[in-house]
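**Q** Structure provided below as C-alpha cells; questions to follow.
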Amino acid sequence: MTVLVKICGITTVEDALMAEEAGADAIGLVLYQNSRRYVDLQQAIKIKQVLSQDTLCVALVVNAEKDSVNSVINHLKPSFVQFHGDESPDFCHQFNYPFIRAIRMREGLDLAHETAQYKPMGGFLFDAWHADQYGGTGEQFDWQRLPSQRKFSLILAGGLNSENVAQAVVQVNPQMVDVSGGVERIAGTKDARLVASFIANAKSIS
C-alpha cells in the first residue's frame, strides 16, 4: 500500500482542487491566526465544500478555546481535528471527535510517554520543534528518533519536499506524509508543479 499524502496550509478553493487533482489524499486547513497560512472558518467551509468525499479534510488548531473547537466541529465537520499546540489529553478527548495529535520533536522528549497519553483515531503527526512556531517551519528533525515498531498510525511532517520525501517514506515507513512549505513558492500559495512532484515521489515507494 502506498503512503497517503496530506497537503497542508491550503488557503484557496483553487489550490484545494489542484492538490486533489494531483492525487492528494488529504488537505489541511490552518485555523490558527498566527500562521501565514491561516484561513477563517468561513473560508475553510468554502474550501471543504469543493472537495470530493474521498479527500480527507483536516482542520488544524493550536491551543484553541473549547468553544472554538466545537464551532469548527459543528460547522466545518472535518474528517479530523489536528491538535497542533500544547493541548492536554483531556482537552483533546473531551470532544469525542476523530483527531490527530501533533508531537513537536523537542530535545529530551519522552516519546513513549507522550504517545501513551493520547488515543488519536487519525494517528500521531511528528513535526520539527521550534520554540516560537507551531508547525510550518520548513525544518527537518532526525527521523531516527521515531520508533520502527509502533502501535499507532504515523504521519511524518517537518521539512519534507519533493527531493527528500521518497527517502523519508523508505526510512520511516509512515502511513501519511504531510507537506506545506515544501510545495510553495510563496507562503500560503501552493505551486502546482511542486505539489505534483511531491505526490508522485511519495507514492513511487510501495
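The chains in the C-alpha cells are called A, B, ... from first to last as shown; in each chain the residues are counted from 1, and the ligands are counted from 1 in the order shown.
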Residues at most 12 Å from region 168-173 of chain A, counting only C-alpha atoms, excluding those fewer than 5 positions away in the same chain, as a PyMOL selection string?

**A** chain A and resi 1-5+126+140-150+153-163+178+198-199+201-206

**Q** Considering only C-alpha atoms, give me a table of residues in region 7-72 of chain A that are at most 12 Å from region 96-117 of chain A, with the closest atom pair and distance in Å for each, as JSON lines.

**A**
{"residue": "A:Gly28", "atom": "CA", "partner": "A:Ile100", "partner_atom": "CA", "distance": 11.5}
{"residue": "A:Leu56", "atom": "CA", "partner": "A:Pro98", "partner_atom": "CA", "distance": 11.9}
{"residue": "A:Cys57", "atom": "CA", "partner": "A:Phe99", "partner_atom": "CA", "distance": 11.3}
{"residue": "A:Val58", "atom": "CA", "partner": "A:Ile100", "partner_atom": "CA", "distance": 8.6}
{"residue": "A:Ala59", "atom": "CA", "partner": "A:Phe99", "partner_atom": "CA", "distance": 9.2}
{"residue": "A:Leu60", "atom": "CA", "partner": "A:Ile100", "partner_atom": "CA", "distance": 9.0}
{"residue": "A:Val61", "atom": "CA", "partner": "A:Ala102", "partner_atom": "CA", "distance": 10.3}
{"residue": "A:Val62", "atom": "CA", "partner": "A:Ala102", "partner_atom": "CA", "distance": 9.9}
{"residue": "A:Asn63", "atom": "CA", "partner": "A:Ala102", "partner_atom": "CA", "distance": 11.9}
{"residue": "A:Val69", "atom": "CA", "partner": "A:Tyr97", "partner_atom": "CA", "distance": 10.4}
{"residue": "A:Asn70", "atom": "CA", "partner": "A:Tyr97", "partner_atom": "CA", "distance": 9.8}
{"residue": "A:Val72", "atom": "CA", "partner": "A:Tyr97", "partner_atom": "CA", "distance": 11.2}

**Q** Mind the document's chain letters and residue numbers, and return as a ChimeraX atom specification the residues of region 7-186 of chain A that DSSP labels strand (DSSP E).

**A** /A:7,26-30,56-61,80-83,99-105,124-128,154-156,176-179,184-186

**Q** Once DSSP has gone over the backbone, tell me which residues of region 37-195 of chain A are in helix (DSSP H, G or I), as a VMD selection string.

**A** chain A and resid 41 to 49 66 to 76 89 to 93 111 to 116 143 to 145 165 to 172 181 to 183 192 to 195

**Q** What does the file look like for those residues with N, CA and C atoms, as a short mmCIF file (atom, residue, chain, number, x, y, z; two decimals), in the first residue's frame?

**A**
data_model
loop_
_atom_site.label_atom_id
_atom_site.label_comp_id
_atom_site.auth_asym_id
_atom_site.auth_seq_id
_atom_site.Cartn_x
_atom_site.Cartn_y
_atom_site.Cartn_z
N LEU A 41 -12.96 30.40 9.53
CA LEU A 41 -13.89 29.28 9.43
C LEU A 41 -14.73 29.34 8.17
N GLN A 42 -15.15 30.53 7.78
CA GLN A 42 -15.98 30.64 6.58
C GLN A 42 -15.21 30.25 5.33
N GLN A 43 -13.95 30.65 5.24
CA GLN A 43 -13.14 30.25 4.10
C GLN A 43 -12.87 28.75 4.12
N ALA A 44 -12.65 28.21 5.31
CA ALA A 44 -12.43 26.77 5.43
C ALA A 44 -13.65 25.99 4.94
N ILE A 45 -14.83 26.47 5.28
CA ILE A 45 -16.07 25.81 4.84
C ILE A 45 -16.18 25.84 3.32
N LYS A 46 -15.85 26.98 2.71
CA LYS A 46 -15.90 27.09 1.25
C LYS A 46 -14.95 26.11 0.59
N ILE A 47 -13.76 25.96 1.17
CA ILE A 47 -12.78 25.04 0.60
C ILE A 47 -13.25 23.60 0.73
N LYS A 48 -13.76 23.24 1.90
CA LYS A 48 -14.20 21.86 2.11
C LYS A 48 -15.35 21.50 1.17
N GLN A 49 -16.18 22.44 0.86
CA GLN A 49 -17.35 22.17 0.03
C GLN A 49 -17.00 21.71 -1.39
N LYS A 66 -12.22 25.85 23.90
CA LYS A 66 -13.17 24.75 23.71
C LYS A 66 -14.31 25.15 22.77
N ASP A 67 -14.87 26.33 22.96
CA ASP A 67 -15.98 26.78 22.11
C ASP A 67 -15.56 26.91 20.66
N SER A 68 -14.33 27.33 20.44
CA SER A 68 -13.82 27.48 19.08
C SER A 68 -13.70 26.12 18.39
N VAL A 69 -13.19 25.14 19.13
CA VAL A 69 -13.08 23.80 18.56
C VAL A 69 -14.46 23.23 18.26
N ASN A 70 -15.39 23.43 19.16
CA ASN A 70 -16.76 22.97 18.93
C ASN A 70 -17.37 23.62 17.69
N SER A 71 -17.07 24.88 17.48
CA SER A 71 -17.57 25.58 16.30
C SER A 71 -16.99 24.98 15.02
N VAL A 72 -15.70 24.67 15.05
CA VAL A 72 -15.07 24.02 13.89
C VAL A 72 -15.72 22.67 13.61
N ILE A 73 -15.93 21.90 14.66
CA ILE A 73 -16.54 20.58 14.50
C ILE A 73 -17.96 20.69 13.96
N ASN A 74 -18.75 21.60 14.52
CA ASN A 74 -20.16 21.69 14.17
C ASN A 74 -20.40 22.30 12.79
N HIS A 75 -19.57 23.25 12.40
CA HIS A 75 -19.81 23.97 11.14
C HIS A 75 -18.97 23.44 9.98
N LEU A 76 -17.73 23.11 10.24
CA LEU A 76 -16.86 22.61 9.17
C LEU A 76 -17.02 21.10 8.97
N PRO A 89 -4.22 15.73 27.04
CA PRO A 89 -5.05 14.59 26.64
C PRO A 89 -6.53 14.81 26.95
N ASP A 90 -6.83 15.33 28.12
CA ASP A 90 -8.23 15.55 28.49
C ASP A 90 -8.89 16.53 27.53
N PHE A 91 -8.17 17.57 27.14
CA PHE A 91 -8.74 18.55 26.22
C PHE A 91 -9.06 17.90 24.89
N CYS A 92 -8.14 17.12 24.35
CA CYS A 92 -8.33 16.51 23.03
C CYS A 92 -9.47 15.49 23.03
N HIS A 93 -9.58 14.72 24.12
CA HIS A 93 -10.55 13.64 24.15
C HIS A 93 -11.96 14.10 24.48
N LEU A 111 9.13 10.02 24.05
CA LEU A 111 8.15 9.73 23.02
C LEU A 111 7.15 8.66 23.47
N ALA A 112 7.63 7.64 24.15
CA ALA A 112 6.75 6.58 24.61
C ALA A 112 5.72 7.12 25.60
N HIS A 113 6.16 7.97 26.50
CA HIS A 113 5.25 8.57 27.47
C HIS A 113 4.24 9.48 26.79
N GLU A 114 4.70 10.26 25.82
CA GLU A 114 3.82 11.20 25.13
C GLU A 114 2.74 10.47 24.35
N THR A 115 3.12 9.46 23.61
CA THR A 115 2.14 8.75 22.79
C THR A 115 1.19 7.90 23.62
N ALA A 116 1.59 7.51 24.81
CA ALA A 116 0.73 6.69 25.67
C ALA A 116 -0.45 7.48 26.23
N TRP A 143 14.90 11.71 11.77
CA TRP A 143 13.88 10.66 11.65
C TRP A 143 14.25 9.42 12.45
N GLN A 144 15.52 9.25 12.77
CA GLN A 144 15.93 8.07 13.53
C GLN A 144 15.37 8.09 14.96
N ARG A 145 14.87 9.23 15.39
CA ARG A 145 14.27 9.31 16.72
C ARG A 145 12.90 8.63 16.77
N VAL A 165 11.22 13.31 0.06
CA VAL A 165 10.06 12.56 0.55
C VAL A 165 10.18 11.06 0.28
N ALA A 166 10.74 10.67 -0.86
CA ALA A 166 10.89 9.24 -1.13
C ALA A 166 11.81 8.59 -0.09
N GLN A 167 12.91 9.26 0.23
CA GLN A 167 13.81 8.75 1.26
C GLN A 167 13.09 8.65 2.60
N ALA A 168 12.26 9.64 2.90
CA ALA A 168 11.52 9.65 4.16
C ALA A 168 10.57 8.46 4.24
N VAL A 169 9.91 8.16 3.15
CA VAL A 169 8.96 7.04 3.13
C VAL A 169 9.70 5.72 3.33
N VAL A 170 10.85 5.57 2.69
CA VAL A 170 11.64 4.35 2.85
C VAL A 170 12.15 4.21 4.27
N GLN A 171 12.67 5.28 4.84
CA GLN A 171 13.32 5.21 6.15
C GLN A 171 12.33 5.08 7.29
N VAL A 172 11.23 5.85 7.23
CA VAL A 172 10.30 5.94 8.36
C VAL A 172 9.11 5.00 8.20
N GLY A 181 5.12 24.07 3.43
CA GLY A 181 6.07 24.98 2.80
C GLY A 181 6.88 24.35 1.69
N GLY A 182 7.07 23.03 1.75
CA GLY A 182 7.88 22.35 0.75
C GLY A 182 7.28 22.30 -0.64
N VAL A 183 6.02 22.71 -0.76
CA VAL A 183 5.38 22.76 -2.09
C VAL A 183 4.89 24.17 -2.40
N ALA A 192 1.74 24.25 -8.26
CA ALA A 192 1.16 23.04 -8.84
C ALA A 192 2.24 22.03 -9.23
N ARG A 193 3.34 22.51 -9.78
CA ARG A 193 4.40 21.59 -10.19
C ARG A 193 5.04 20.92 -8.99
N LEU A 194 5.28 21.67 -7.93
CA LEU A 194 5.88 21.10 -6.73
C LEU A 194 4.93 20.12 -6.04
N VAL A 195 3.65 20.45 -6.03
CA VAL A 195 2.65 19.54 -5.44
C VAL A 195 2.64 18.22 -6.19
#

**Q** Rounded to one decimal, what separation in Å do you get between CA of Ala128 (chain A) and CA of Val13 (chain A)?

**A**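 Result for CA of Ala128 (chain A) versus CA of Val13 (chain A): 27.9 Å, one decimal.
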
**Q** Tell me which of A:Met176, A:Ala196, A:Tyr118, A:Asp40 sits closest to Glu87 (chain A), counting only C-alpha atoms.

**A** A:Tyr118

**Q** Compare A:Ala26, A:Pro120, A:Gly188, A:Gly9 by their minimum atom-to-atom distance to Leu51 (chain A), counting only C-alpha atoms, and give me the closest one.

**A**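 Selected residue with least distance to Leu51 (chain A): A:Ala26.
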
**Q** When you draw a straight line from CA of Gly123 (chain A) to CA of Phe152 (chain A), how long is it in Å?

**A**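 So the two atoms, CA of Gly123 (chain A) and CA of Phe152 (chain A), lie 6.0 Å apart.
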
**Q** What's the 10 Å shell around Lys190 (chain A), counting only C-alpha atoms, without same-chain residues fewer than 5 positions away, as a PyMOL selection string?

**A** chain A and resi 7-12+14-16+18-19+180-185+195

**Q** To one decimal in Å, tell me the separation between CA of Pro78 (chain A) and CA of Arg36 (chain A).

**A**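 Spanning CA of Pro78 (chain A) to CA of Arg36 (chain A) is a straight-line distance of 20.8 Å.
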
**Q** Using only C-alpha atoms, pick whichever of A:Ser88, A:Asn164, A:Gln175, A:Gln33 has the shortest atom-to-atom distance to Ser197 (chain A).

**A**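 Counting only C-alpha atoms, the residue closest to Ser197 (chain A) is A:Asn164.
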